[in-house]
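**Q** Just so it is clear, I am handing over structure_18.txt, which has compact mmCIF, C-alpha atoms.
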```
# COMPACT_ATOMS: atom_id res chain seq x y z
CA MET A 1 -12.98 0.16 -30.75
CA THR A 2 -9.29 0.68 -31.43
CA GLU A 3 -6.66 -1.01 -29.28
CA ALA A 4 -5.46 1.20 -26.43
CA HIS A 5 -1.89 2.48 -26.64
CA TYR A 6 -1.37 2.54 -22.88
CA HIS A 7 -1.91 -0.48 -20.68
CA VAL A 8 -2.62 1.30 -17.38
CA LEU A 9 -3.13 4.87 -16.15
CA GLY A 10 -2.68 5.17 -12.39
CA MET A 11 -4.36 8.02 -10.55
CA GLY A 12 -3.59 8.75 -6.92
CA ASN A 13 -1.84 10.74 -4.24
CA ALA A 14 1.72 11.65 -5.25
CA ILE A 15 3.62 11.09 -2.01
CA VAL A 16 7.29 10.95 -1.10
CA ASP A 17 7.79 8.16 1.44
CA ILE A 18 10.19 8.71 4.34
CA LEU A 19 10.97 5.26 5.72
CA ALA A 20 12.73 4.32 8.97
CA ARG A 21 13.02 1.22 11.11
CA ALA A 22 11.28 1.29 14.50
CA GLU A 23 10.59 -1.05 17.38
CA ASP A 24 7.06 -1.90 18.50
CA ASP A 25 7.68 0.07 21.71
CA PHE A 26 8.23 3.20 19.62
CA LEU A 27 4.80 2.82 18.03
CA VAL A 28 3.24 2.48 21.48
CA GLU A 29 5.07 5.58 22.72
CA GLN A 30 3.88 7.57 19.70
CA LYS A 31 0.33 6.17 20.01
CA LEU A 32 0.44 4.75 16.50
CA ALA A 33 -1.77 1.82 15.46
CA LYS A 34 0.55 -0.77 13.95
CA GLY A 35 -0.11 -1.45 10.29
CA SER A 36 -2.42 1.51 9.84
CA MET A 37 -2.39 4.49 7.49
CA ARG A 38 -3.55 7.75 9.06
CA LEU A 39 -3.68 11.30 7.80
CA VAL A 40 -1.76 13.93 9.75
CA ASP A 41 -1.29 17.68 9.50
CA MET A 42 2.03 19.38 8.72
CA ASP A 43 2.89 19.91 12.41
CA GLU A 44 2.40 16.23 13.26
CA SER A 45 4.36 15.25 10.17
CA GLN A 46 7.29 17.38 11.31
CA ARG A 47 7.07 16.03 14.88
CA LEU A 48 7.23 12.42 13.69
CA TYR A 49 10.08 13.23 11.33
CA ALA A 50 12.05 14.63 14.25
CA ALA A 51 11.34 11.51 16.34
CA MET A 52 12.22 8.91 13.72
CA GLY A 53 15.62 7.32 13.24
CA PRO A 54 17.79 7.37 10.10
CA ALA A 55 15.47 7.42 7.10
CA ILE A 56 15.31 6.68 3.40
CA GLU A 57 13.36 8.97 1.08
CA ALA A 58 11.62 7.29 -1.86
CA SER A 59 8.90 8.36 -4.27
CA GLY A 60 5.75 6.45 -3.38
CA GLY A 61 2.00 6.81 -3.28
CA SER A 62 -0.08 3.69 -3.86
CA ALA A 63 -1.00 4.19 -7.52
CA GLY A 64 2.43 5.67 -8.21
CA ASN A 65 4.04 2.48 -6.93
CA THR A 66 1.70 0.41 -9.11
CA VAL A 67 2.64 2.43 -12.18
CA ALA A 68 6.33 2.00 -11.31
CA GLY A 69 5.82 -1.75 -11.23
CA ILE A 70 4.03 -1.78 -14.59
CA ALA A 71 6.82 0.30 -16.13
CA SER A 72 9.37 -2.18 -14.75
CA LEU A 73 7.39 -5.00 -16.37
CA GLY A 74 7.75 -3.21 -19.71
CA GLY A 75 4.21 -1.87 -19.80
CA ARG A 76 3.14 1.42 -21.33
CA CYS A 77 1.75 3.49 -18.49
CA SER A 78 1.01 6.97 -17.23
CA TYR A 79 0.36 8.65 -13.91
CA VAL A 80 -1.98 11.40 -12.71
CA GLY A 81 -1.12 12.95 -9.34
CA LYS A 82 -0.44 16.41 -7.93
CA VAL A 83 2.90 17.64 -6.60
CA ALA A 84 4.12 21.13 -5.74
CA ASP A 85 6.86 23.11 -7.45
CA ASP A 86 9.29 22.33 -4.63
CA GLN A 87 12.24 20.03 -3.96
CA LEU A 88 10.20 16.92 -3.17
CA GLY A 89 7.92 17.62 -6.13
CA ALA A 90 10.90 17.81 -8.47
CA VAL A 91 12.22 14.52 -7.09
CA TYR A 92 8.83 12.84 -7.53
CA SER A 93 8.35 14.10 -11.09
CA HIS A 94 11.86 13.01 -12.06
CA ASP A 95 11.39 9.56 -10.57
CA MET A 96 8.13 8.92 -12.45
CA ARG A 97 9.52 10.02 -15.79
CA ALA A 98 12.84 8.24 -15.24
CA ILE A 99 11.08 4.86 -14.93
CA GLY A 100 9.36 5.45 -18.27
CA ALA A 101 5.91 6.56 -17.11
CA ARG A 102 4.14 9.50 -18.69
CA PHE A 103 3.56 12.22 -16.06
CA ASP A 104 2.23 15.51 -17.42
CA VAL A 105 0.22 16.99 -14.53
CA ALA A 106 1.26 20.59 -13.88
CA PRO A 107 2.68 21.18 -10.37
CA LEU A 108 1.23 23.65 -7.90
CA ALA A 109 2.97 27.00 -7.86
CA ALA A 110 5.65 27.47 -5.21
CA GLY A 111 4.43 29.02 -1.98
CA GLY A 112 1.23 27.00 -1.76
CA LEU A 113 0.71 23.55 -0.27
CA PRO A 114 3.90 21.46 -0.33
CA THR A 115 4.37 18.06 -1.94
CA ALA A 116 2.88 15.25 0.16
CA ARG A 117 5.04 13.08 2.37
CA SER A 118 4.44 9.97 4.49
CA MET A 119 6.39 9.02 7.62
CA ILE A 120 6.58 5.21 7.47
CA PHE A 121 7.81 3.18 10.43
CA ILE A 122 8.93 -0.38 9.66
CA THR A 123 8.90 -2.81 12.58
CA PRO A 124 11.12 -5.94 12.79
CA ASP A 125 8.33 -8.13 11.36
CA GLY A 126 8.33 -6.04 8.16
CA GLU A 127 4.97 -4.36 8.91
CA ARG A 128 4.67 -0.68 8.04
CA THR A 129 2.79 2.05 9.88
CA MET A 130 2.09 5.10 7.72
CA ASN A 131 1.47 8.72 8.73
CA THR A 132 0.63 10.81 5.70
CA TYR A 133 0.45 14.55 5.13
CA LEU A 134 -1.38 15.04 1.82
CA GLY A 135 -0.39 18.64 1.07
CA ALA A 136 -0.59 19.30 -2.68
CA CYS A 137 -2.60 16.10 -3.24
CA HIS A 138 -5.68 17.98 -2.03
CA MET A 139 -5.51 20.09 -5.18
CA LEU A 140 -5.82 17.29 -7.74
CA GLY A 141 -8.96 18.02 -9.73
CA PRO A 142 -10.93 17.51 -12.95
CA ASP A 143 -8.74 19.94 -14.89
CA ASP A 144 -5.82 17.54 -14.40
CA ILE A 145 -7.56 14.82 -16.42
CA ASP A 146 -6.39 14.46 -20.04
CA ALA A 147 -9.42 12.99 -21.84
CA ASP A 148 -7.41 11.72 -24.81
CA LEU A 149 -4.95 9.95 -22.50
CA VAL A 150 -7.71 8.21 -20.53
CA ALA A 151 -9.50 7.16 -23.71
CA ASP A 152 -6.27 5.64 -25.04
CA THR A 153 -5.66 3.51 -21.92
CA ALA A 154 -6.91 -0.06 -21.40
CA ILE A 155 -7.36 0.26 -17.61
CA THR A 156 -7.65 3.46 -15.57
CA TYR A 157 -6.75 2.62 -11.98
CA PHE A 158 -7.67 4.67 -8.92
CA GLU A 159 -6.57 4.39 -5.32
CA GLY A 160 -9.24 4.64 -2.61
CA PHE A 161 -7.17 7.21 -0.74
CA LEU A 162 -8.26 9.77 -3.35
CA TRP A 163 -11.66 9.94 -1.68
CA ASP A 164 -10.18 12.07 1.11
CA ALA A 165 -10.10 15.09 -1.24
CA PRO A 166 -13.43 16.27 -2.76
CA SER A 167 -11.81 17.68 -5.90
CA ALA A 168 -10.05 14.35 -6.50
CA ARG A 169 -13.44 12.61 -6.37
CA GLU A 170 -14.60 14.90 -9.17
CA ALA A 171 -11.48 13.98 -11.16
CA PHE A 172 -12.21 10.29 -10.52
CA HIS A 173 -15.76 10.54 -11.87
CA LYS A 174 -14.64 12.51 -14.92
CA ALA A 175 -11.93 9.98 -15.79
CA ALA A 176 -14.23 6.99 -15.18
CA GLU A 177 -16.88 8.42 -17.50
CA ILE A 178 -14.32 9.06 -20.23
CA ALA A 179 -12.90 5.54 -19.86
CA HIS A 180 -16.26 3.84 -20.14
CA LYS A 181 -17.34 5.95 -23.11
CA ALA A 182 -14.17 4.78 -24.85
CA GLY A 183 -14.94 1.14 -24.03
CA ARG A 184 -12.09 0.87 -21.49
CA LYS A 185 -12.05 -0.57 -17.97
CA VAL A 186 -11.95 1.18 -14.59
CA SER A 187 -10.28 -0.26 -11.51
CA LEU A 188 -10.23 0.71 -7.82
CA THR A 189 -8.14 -0.46 -4.90
CA LEU A 190 -9.76 -0.18 -1.46
CA SER A 191 -6.33 1.00 -0.20
CA ASP A 192 -6.72 0.54 3.57
CA ALA A 193 -9.28 -0.80 6.07
CA PHE A 194 -9.48 2.63 7.72
CA CYS A 195 -10.10 4.19 4.30
CA VAL A 196 -12.94 1.70 3.79
CA ASP A 197 -14.42 2.69 7.15
CA ARG A 198 -14.54 6.30 5.99
CA PHE A 199 -16.04 5.70 2.56
CA ARG A 200 -17.72 2.28 2.62
CA SER A 201 -21.08 3.40 1.21
CA ASP A 202 -19.46 5.33 -1.65
CA PHE A 203 -17.22 2.42 -2.61
CA LYS A 204 -20.13 -0.03 -2.54
CA ARG A 205 -22.16 2.23 -4.77
CA LEU A 206 -19.29 2.52 -7.27
CA LEU A 207 -18.94 -1.25 -7.37
CA ARG A 208 -22.64 -2.05 -7.63
CA ASP A 209 -23.53 0.60 -10.22
CA GLY A 210 -20.82 -0.63 -12.58
CA THR A 211 -18.44 2.33 -12.25
CA ILE A 212 -15.79 -0.13 -11.07
CA ASP A 213 -14.98 -3.02 -13.41
CA ILE A 214 -12.03 -4.40 -11.44
CA LEU A 215 -11.71 -4.21 -7.64
CA LEU A 216 -8.49 -4.87 -5.71
CA ALA A 217 -8.30 -5.35 -1.94
CA ASN A 218 -6.65 -7.34 0.81
CA ASP A 219 -8.49 -9.57 3.27
CA ALA A 220 -8.70 -6.95 6.04
CA GLU A 221 -10.07 -4.34 3.64
CA LEU A 222 -12.63 -6.74 2.24
CA LYS A 223 -13.89 -7.77 5.69
CA SER A 224 -14.19 -4.09 6.58
CA PHE A 225 -16.00 -3.48 3.28
CA TYR A 226 -18.68 -6.05 4.13
CA GLN A 227 -18.50 -5.51 7.91
CA THR A 228 -17.93 -9.15 8.70
CA SER A 229 -15.29 -11.13 10.59
CA SER A 230 -15.64 -14.01 8.11
CA PHE A 231 -13.35 -13.77 5.10
CA GLY A 232 -15.33 -16.52 3.37
CA ALA A 233 -18.55 -14.60 3.78
CA ALA A 234 -16.88 -11.45 2.45
CA LEU A 235 -15.64 -13.30 -0.64
CA GLU A 236 -19.11 -14.66 -1.37
CA ALA A 237 -20.62 -11.19 -0.97
CA LEU A 238 -18.01 -9.80 -3.33
CA ARG A 239 -18.84 -12.45 -5.93
CA THR A 240 -22.42 -11.17 -6.08
CA ASP A 241 -21.31 -7.52 -6.39
CA CYS A 242 -18.28 -7.50 -8.67
CA ARG A 243 -17.46 -8.00 -12.30
CA MET A 244 -13.86 -8.92 -11.51
CA ALA A 245 -11.77 -8.71 -8.33
CA ALA A 246 -8.47 -9.80 -6.84
CA VAL A 247 -8.05 -10.11 -3.08
CA THR A 248 -4.64 -10.67 -1.47
CA VAL A 249 -4.17 -12.72 1.69
CA GLY A 250 -0.47 -12.29 2.45
CA ALA A 251 1.52 -15.51 2.55
CA ASP A 252 -1.58 -17.43 1.44
CA GLY A 253 -1.54 -15.73 -1.95
CA SER A 254 -4.67 -14.24 -3.46
CA PHE A 255 -8.18 -14.98 -4.64
CA VAL A 256 -9.51 -14.07 -8.07
CA VAL A 257 -13.24 -13.42 -7.95
CA THR A 258 -15.84 -13.20 -10.72
CA PRO A 259 -19.62 -13.68 -10.59
CA ASP A 260 -19.06 -17.26 -11.77
CA GLU A 261 -16.26 -18.48 -9.50
CA ILE A 262 -13.64 -17.87 -6.82
CA GLN A 263 -10.12 -19.20 -7.47
CA GLN A 264 -7.14 -19.17 -5.10
CA VAL A 265 -3.65 -18.49 -6.46
CA PRO A 266 -0.58 -19.30 -4.30
CA ALA A 267 1.88 -16.66 -3.15
CA THR A 268 5.44 -16.63 -4.46
CA PRO A 269 7.63 -17.89 -1.58
CA VAL A 270 9.95 -15.37 0.07
CA GLU A 271 12.78 -16.42 2.38
CA THR A 272 12.94 -13.20 4.43
CA VAL A 273 10.41 -10.37 4.53
CA ILE A 274 12.20 -7.05 5.02
CA ASP A 275 9.49 -4.46 4.40
CA THR A 276 5.88 -4.95 3.29
CA THR A 277 5.59 -1.34 2.03
CA GLY A 278 4.26 -1.51 -1.52
CA ALA A 279 3.35 -5.22 -1.50
CA GLY A 280 -0.30 -4.64 -2.43
CA ASP A 281 0.65 -1.90 -4.87
CA LEU A 282 3.04 -4.19 -6.73
CA TYR A 283 0.56 -7.06 -6.72
CA ALA A 284 -1.76 -4.63 -8.51
CA SER A 285 1.02 -3.95 -11.04
CA GLY A 286 1.26 -7.57 -12.05
CA PHE A 287 -2.45 -8.28 -11.95
CA LEU A 288 -3.57 -5.21 -13.91
CA TYR A 289 -0.79 -5.54 -16.47
CA GLY A 290 -1.68 -9.20 -16.91
CA VAL A 291 -5.35 -8.33 -17.44
CA ALA A 292 -4.43 -5.55 -19.88
CA ARG A 293 -2.30 -8.04 -21.82
CA GLY A 294 -5.14 -10.55 -21.97
CA PHE A 295 -3.77 -13.13 -19.52
CA ALA A 296 -6.06 -15.61 -17.81
CA LEU A 297 -7.05 -14.15 -14.45
CA THR A 298 -5.15 -16.78 -12.48
CA ASP A 299 -2.01 -16.07 -14.52
CA ALA A 300 -2.43 -12.34 -13.93
CA ALA A 301 -2.75 -13.02 -10.19
CA ALA A 302 0.36 -15.20 -10.23
CA LEU A 303 2.28 -12.39 -11.94
CA GLY A 304 1.01 -10.06 -9.22
CA SER A 305 2.32 -12.44 -6.55
CA LEU A 306 5.70 -12.66 -8.26
CA VAL A 307 6.32 -8.92 -8.36
CA ALA A 308 4.90 -8.39 -4.86
CA ALA A 309 7.39 -10.97 -3.60
CA GLU A 310 10.25 -8.93 -5.05
CA VAL A 311 9.30 -5.67 -3.35
CA ILE A 312 9.03 -7.13 0.17
CA THR A 313 12.65 -8.34 0.10
CA HIS A 314 14.06 -4.80 0.45
CA ILE A 315 13.19 -1.44 1.99
CA GLY A 316 11.11 0.81 -0.24
CA PRO A 317 7.87 0.53 -2.20
CA ARG A 318 9.24 0.17 -5.72
CA PRO A 319 11.17 -2.57 -7.55
CA ALA A 320 14.91 -2.91 -7.00
CA VAL A 321 15.42 -5.10 -10.09
CA SER A 322 13.91 -5.33 -13.55
CA LEU A 323 10.52 -6.98 -13.13
CA LEU A 324 10.48 -7.72 -16.87
CA ASP A 325 13.64 -9.82 -16.51
CA LEU A 326 12.24 -11.49 -13.39
CA ALA A 327 8.95 -12.36 -15.10
CA ARG A 328 10.66 -13.68 -18.22
CA GLN A 329 12.89 -15.89 -16.07
CA GLN A 330 9.69 -17.43 -14.70
CA GLY A 331 8.34 -18.07 -18.17
CA TYR A 332 5.86 -15.21 -18.58
CA PRO A 333 5.37 -14.24 -22.26
CA LEU A 334 6.32 -10.58 -21.89
```
Represent the structure of the file as structure tokens.
**A**
Amino acid sequence: MTEAHYHVLGMGNAIVDILARAEDDFLVEQKLAKGSMRLVDMDESQRLYAAMGPAIEASGGSAGNTVAGIASLGGRCSYVGKVADDQLGAVYSHDMRAIGARFDVAPLAAGGLPTARSMIFITPDGERTMNTYLGACHMLGPDDIDADLVADTAITYFEGFLWDAPSAREAFHKAAEIAHKAGRKVSLTLSDAFCVDRFRSDFKRLLRDGTIDILLANDAELKSFYQTSSFGAALEALRTDCRMAAVTVGADGSFVVTPDEIQQVPATPVETVIDTTGAGDLYASGFLYGVARGFALTDAAALGSLVAAEVITHIGPRPAVSLLDLARQQGYPL
């Protein structure tokens, strides 16, 4: 097997985030569950946009943010996601290519579904509540998968949110099969506890049948996955199911899980949390890039914690500084 040229290919929903600060009372008035991610239609998206305060627009999407982090770390990466041939689609495509990621997926023709957008409300504690209209993301399909690109990538990484679109599931299976035939690894993030509720049985099957080599989750997602209130019990269940996993627990850091052991890795301290949008996505950047580079799993998790700590110190889901410089300052051999 030849060495892969690319470290990570991220596949997910290409979404432009529209972020605004909001008080808890606003969430109550709008009947929004704090900290959740829900899917909305275009009308609801427009209603929330009209109700929100001054906003910042930023290219996002879970896997897109992860790819942005890997690019900032100096990794060779690519992205598969669907945008429309419209203003937001042009912004998204430019942003991905400008950070150094390969992004070749053809956009939807103008006049069809628009590029996806997510109304994100950030409360004073830094928590984010997301309301996402998927638009063009629904049209991502098997024809968007470049077999040669997948085969030349060490880790192909999928976000769980893809499961909301049937054609994206087909694309997922096609890419996973290509990756494994080429001797590469496949990774999945559970994305959101509500996403797990929708697709728990599918995700368990993917993990247990070996489709997923590397699972990423946070503590709430993992407890939802195993339908237990005990995080310890969920970790033990995961150990029996997974080949490799990383589970974040906020300020308490993360746990690296293999069939042989469970190891806790501390979080990188942060003085003030401004916005948690993208924290899990950027943790995945550091962890997956570390694994692709051959780091020990605890070192990969520590790199994930370092870059996640950077993104929560400012508004927006992508790095505001060079993560490569930041990692080198901390002694990482990048």
**Q** For region 296-308 of chain A, please output as a ChimeraX atom specification all residues within 6 Å (counting all atoms listed in the file; exclusion window: fewer than 6 positions along the same chain).
**A** /A:267-268,279,282-283,286-287,290
**Q** One decimal, in Å: what's the spacing between CA of Gly35 (chain A) and CA of Met119 (chain A)?
**A**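 CA of Met119 (chain A) lies at a distance of 12.6 Å from CA of Gly35 (chain A).
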**Q** For Glu3 (chain A), which residue out of A:Asp197, A:Glu170, A:Glu310, A:Asp152 is the nearest one, using all atoms listed in the file?
**A**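 With all atoms listed in the file as the atom set, the closest residue is A:Asp152.
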**Q** Of the candidates A:Ala71, A:Leu238, A:Met42, A:Ala20, which one gets nearest to Tyr6 (chain A) if we count only C-alpha atoms?
**A**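 Once distances to Tyr6 (chain A) are computed over only C-alpha atoms, the minimum belongs to A:Ala71.
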**Q** Skipping near chain neighbours, those fewer than 5 positions away, what residues fall within 12 Å of Ala233 (chain A) using all atoms listed in the file, listed as an mmCIF file with C-alpha atoms, keeping the file's coordinate frame?
**A**
```cif
data_model
loop_
_atom_site.group_PDB
_atom_site.id
_atom_site.type_symbol
_atom_site.label_atom_id
_atom_site.label_comp_id
_atom_site.auth_asym_id
_atom_site.auth_seq_id
_atom_site.Cartn_x
_atom_site.Cartn_y
_atom_site.Cartn_z
ATOM 1 C CA ASP A 219 -8.490 -9.570 3.270
ATOM 2 C CA LEU A 222 -12.630 -6.740 2.240
ATOM 3 C CA LYS A 223 -13.890 -7.770 5.690
ATOM 4 C CA SER A 224 -14.190 -4.090 6.580
ATOM 5 C CA PHE A 225 -16.000 -3.480 3.280
ATOM 6 C CA TYR A 226 -18.680 -6.050 4.130
ATOM 7 C CA GLN A 227 -18.500 -5.510 7.910
ATOM 8 C CA THR A 228 -17.930 -9.150 8.700
ATOM 9 C CA LEU A 238 -18.010 -9.800 -3.330
ATOM 10 C CA ARG A 239 -18.840 -12.450 -5.930
ATOM 11 C CA THR A 240 -22.420 -11.170 -6.080
#
```
**Q** At a cut-off of 10 Å, can you tabulate as a Markdown table every residue of region 208-316 of chain A near region 46-64 of chain A together with its closest atom pair and the distance in Å to one decimal, using all atoms listed in the file and ordering rows by chain then number?
**A**
```
| residue | atom | partner | partner_atom | distance |
| --- | --- | --- | --- | --- |
| A:Thr277 | CA | A:Gly60 | CA | 9.5 |
| A:Gly278 | CA | A:Ser62 | CA | 7.2 |
| A:Ala279 | CA | A:Ser62 | CA | 9.8 |
| A:Gly280 | CA | A:Ser62 | CA | 8.5 |
| A:Asp281 | CA | A:Ser62 | CA | 5.7 |
| A:Leu282 | CA | A:Ser62 | CA | 8.9 |
| A:Ala284 | CA | A:Ala63 | CA | 8.9 |
| A:Ser285 | CA | A:Ala63 | CA | 9.1 |
| A:Ile315 | CA | A:Ile56 | CA | 8.5 |
| A:Gly316 | CA | A:Ala58 | CA | 6.7 |
```
**Q** For Ala251 (chain A), which residue out of A:Glu271, A:Asp24, A:Glu236, A:Glu29 is the nearest one, using all atoms listed in the file?
**A**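 Checking each candidate against Ala251 (chain A), we get A:Glu271 as the closest.
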**Q** For a quick check of understanding, using all atoms listed in the file, which of A:Asp213, A:Asp164, A:Glu177, A:Glu221 has the smallest distance to Leu190 (chain A)?
**A** A:Glu221
**Q** From the set A:Arg169, A:Leu324, A:Gly232, A:Leu288, which residue has the shortest atom-to-atom contact distance to Ile262 (chain A), counting all atoms listed in the file?
**A** A:Gly232
**Q** Could you check which of A:Val16, A:Gly69, A:Asp275, A:Pro269 is closest to Val321 (chain A), using all atoms listed in the file?
**A**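 Of all the options, A:Gly69 lies closest to Val321 (chain A).
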**Q** Show me the residues close to (-5.0, -4.2, 0.2) - anything with an atom within 6 Å, counting all atoms listed in the file - and format the list as a PyMOL selection string.
**A** chain A and resi 191+217-218+280
**Q** Distance CA of Leu108 (chain A)-CA of His173 (chain A), one decimal place?
**A**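 That distance, rounded to one decimal, is 21.8 Å.
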**Q** Can you rebuild region 175-183 of chain A with all heavy atoms and give it as a PDB file, in the coordinates of the input?
**A**
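Contents of the output file rebuild_31.pdb:
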```
ATOM      1  N   ALA A 175     -12.772  10.956 -15.103  1.00  0.00           N
ATOM      2  CA  ALA A 175     -11.930   9.980 -15.790  1.00  0.00           C
ATOM      3  C   ALA A 175     -12.689   8.665 -16.024  1.00  0.00           C
ATOM      4  O   ALA A 175     -12.575   8.058 -17.094  1.00  0.00           O
ATOM      5  CB  ALA A 175     -10.662   9.715 -14.983  1.00  0.00           C
ATOM      6  N   ALA A 176     -13.478   8.235 -15.032  1.00  0.00           N
ATOM      7  CA  ALA A 176     -14.230   6.990 -15.180  1.00  0.00           C
ATOM      8  C   ALA A 176     -15.239   7.094 -16.320  1.00  0.00           C
ATOM      9  O   ALA A 176     -15.416   6.144 -17.108  1.00  0.00           O
ATOM     10  CB  ALA A 176     -14.933   6.643 -13.877  1.00  0.00           C
ATOM     11  N   GLU A 177     -15.900   8.227 -16.421  1.00  0.00           N
ATOM     12  CA  GLU A 177     -16.880   8.420 -17.500  1.00  0.00           C
ATOM     13  C   GLU A 177     -16.206   8.393 -18.859  1.00  0.00           C
ATOM     14  O   GLU A 177     -16.706   7.770 -19.804  1.00  0.00           O
ATOM     15  CB  GLU A 177     -17.613   9.751 -17.288  1.00  0.00           C
ATOM     16  CG  GLU A 177     -18.693  10.011 -18.320  1.00  0.00           C
ATOM     17  CD  GLU A 177     -19.444  11.312 -18.076  1.00  0.00           C
ATOM     18  OE1 GLU A 177     -19.159  11.994 -17.057  1.00  0.00           O
ATOM     19  OE2 GLU A 177     -20.317  11.645 -18.895  1.00  0.00           O
ATOM     20  N   ILE A 178     -15.056   9.051 -18.961  1.00  0.00           N
ATOM     21  CA  ILE A 178     -14.320   9.060 -20.230  1.00  0.00           C
ATOM     22  C   ILE A 178     -13.880   7.641 -20.603  1.00  0.00           C
ATOM     23  O   ILE A 178     -14.006   7.206 -21.758  1.00  0.00           O
ATOM     24  CB  ILE A 178     -13.088   9.986 -20.125  1.00  0.00           C
ATOM     25  CG1 ILE A 178     -13.529  11.447 -19.970  1.00  0.00           C
ATOM     26  CG2 ILE A 178     -12.173   9.826 -21.337  1.00  0.00           C
ATOM     27  CD1 ILE A 178     -12.418  12.381 -19.535  1.00  0.00           C
ATOM     28  N   ALA A 179     -13.372   6.904 -19.617  1.00  0.00           N
ATOM     29  CA  ALA A 179     -12.900   5.540 -19.860  1.00  0.00           C
ATOM     30  C   ALA A 179     -14.020   4.650 -20.380  1.00  0.00           C
ATOM     31  O   ALA A 179     -13.854   3.925 -21.381  1.00  0.00           O
ATOM     32  CB  ALA A 179     -12.291   4.961 -18.588  1.00  0.00           C
ATOM     33  N   HIS A 180     -15.157   4.702 -19.732  1.00  0.00           N
ATOM     34  CA  HIS A 180     -16.260   3.840 -20.140  1.00  0.00           C
ATOM     35  C   HIS A 180     -16.818   4.230 -21.508  1.00  0.00           C
ATOM     36  O   HIS A 180     -17.197   3.362 -22.311  1.00  0.00           O
ATOM     37  CB  HIS A 180     -17.354   3.849 -19.087  1.00  0.00           C
ATOM     38  CG  HIS A 180     -17.037   2.991 -17.905  1.00  0.00           C
ATOM     39  ND1 HIS A 180     -17.434   3.288 -16.621  1.00  0.00           N
ATOM     40  CD2 HIS A 180     -16.342   1.826 -17.802  1.00  0.00           C
ATOM     41  CE1 HIS A 180     -17.004   2.353 -15.793  1.00  0.00           C
ATOM     42  NE2 HIS A 180     -16.337   1.465 -16.488  1.00  0.00           N
ATOM     43  N   LYS A 181     -16.870   5.514 -21.794  1.00  0.00           N
ATOM     44  CA  LYS A 181     -17.340   5.950 -23.110  1.00  0.00           C
ATOM     45  C   LYS A 181     -16.426   5.445 -24.220  1.00  0.00           C
ATOM     46  O   LYS A 181     -16.871   5.204 -25.350  1.00  0.00           O
ATOM     47  CB  LYS A 181     -17.440   7.477 -23.163  1.00  0.00           C
ATOM     48  CG  LYS A 181     -18.676   8.033 -22.472  1.00  0.00           C
ATOM     49  CD  LYS A 181     -18.766   9.545 -22.637  1.00  0.00           C
ATOM     50  CE  LYS A 181     -20.046  10.090 -22.006  1.00  0.00           C
ATOM     51  NZ  LYS A 181     -20.145  11.568 -22.129  1.00  0.00           N
ATOM     52  N   ALA A 182     -15.140   5.278 -23.877  1.00  0.00           N
ATOM     53  CA  ALA A 182     -14.170   4.780 -24.850  1.00  0.00           C
ATOM     54  C   ALA A 182     -14.095   3.260 -24.883  1.00  0.00           C
ATOM     55  O   ALA A 182     -13.284   2.685 -25.626  1.00  0.00           O
ATOM     56  CB  ALA A 182     -12.788   5.360 -24.548  1.00  0.00           C
ATOM     57  N   GLY A 183     -14.939   2.592 -24.066  1.00  0.00           N
ATOM     58  CA  GLY A 183     -14.940   1.140 -24.030  1.00  0.00           C
ATOM     59  C   GLY A 183     -13.804   0.540 -23.226  1.00  0.00           C
ATOM     60  O   GLY A 183     -13.460  -0.640 -23.404  1.00  0.00           O
TER      61      GLY A 183
END
```
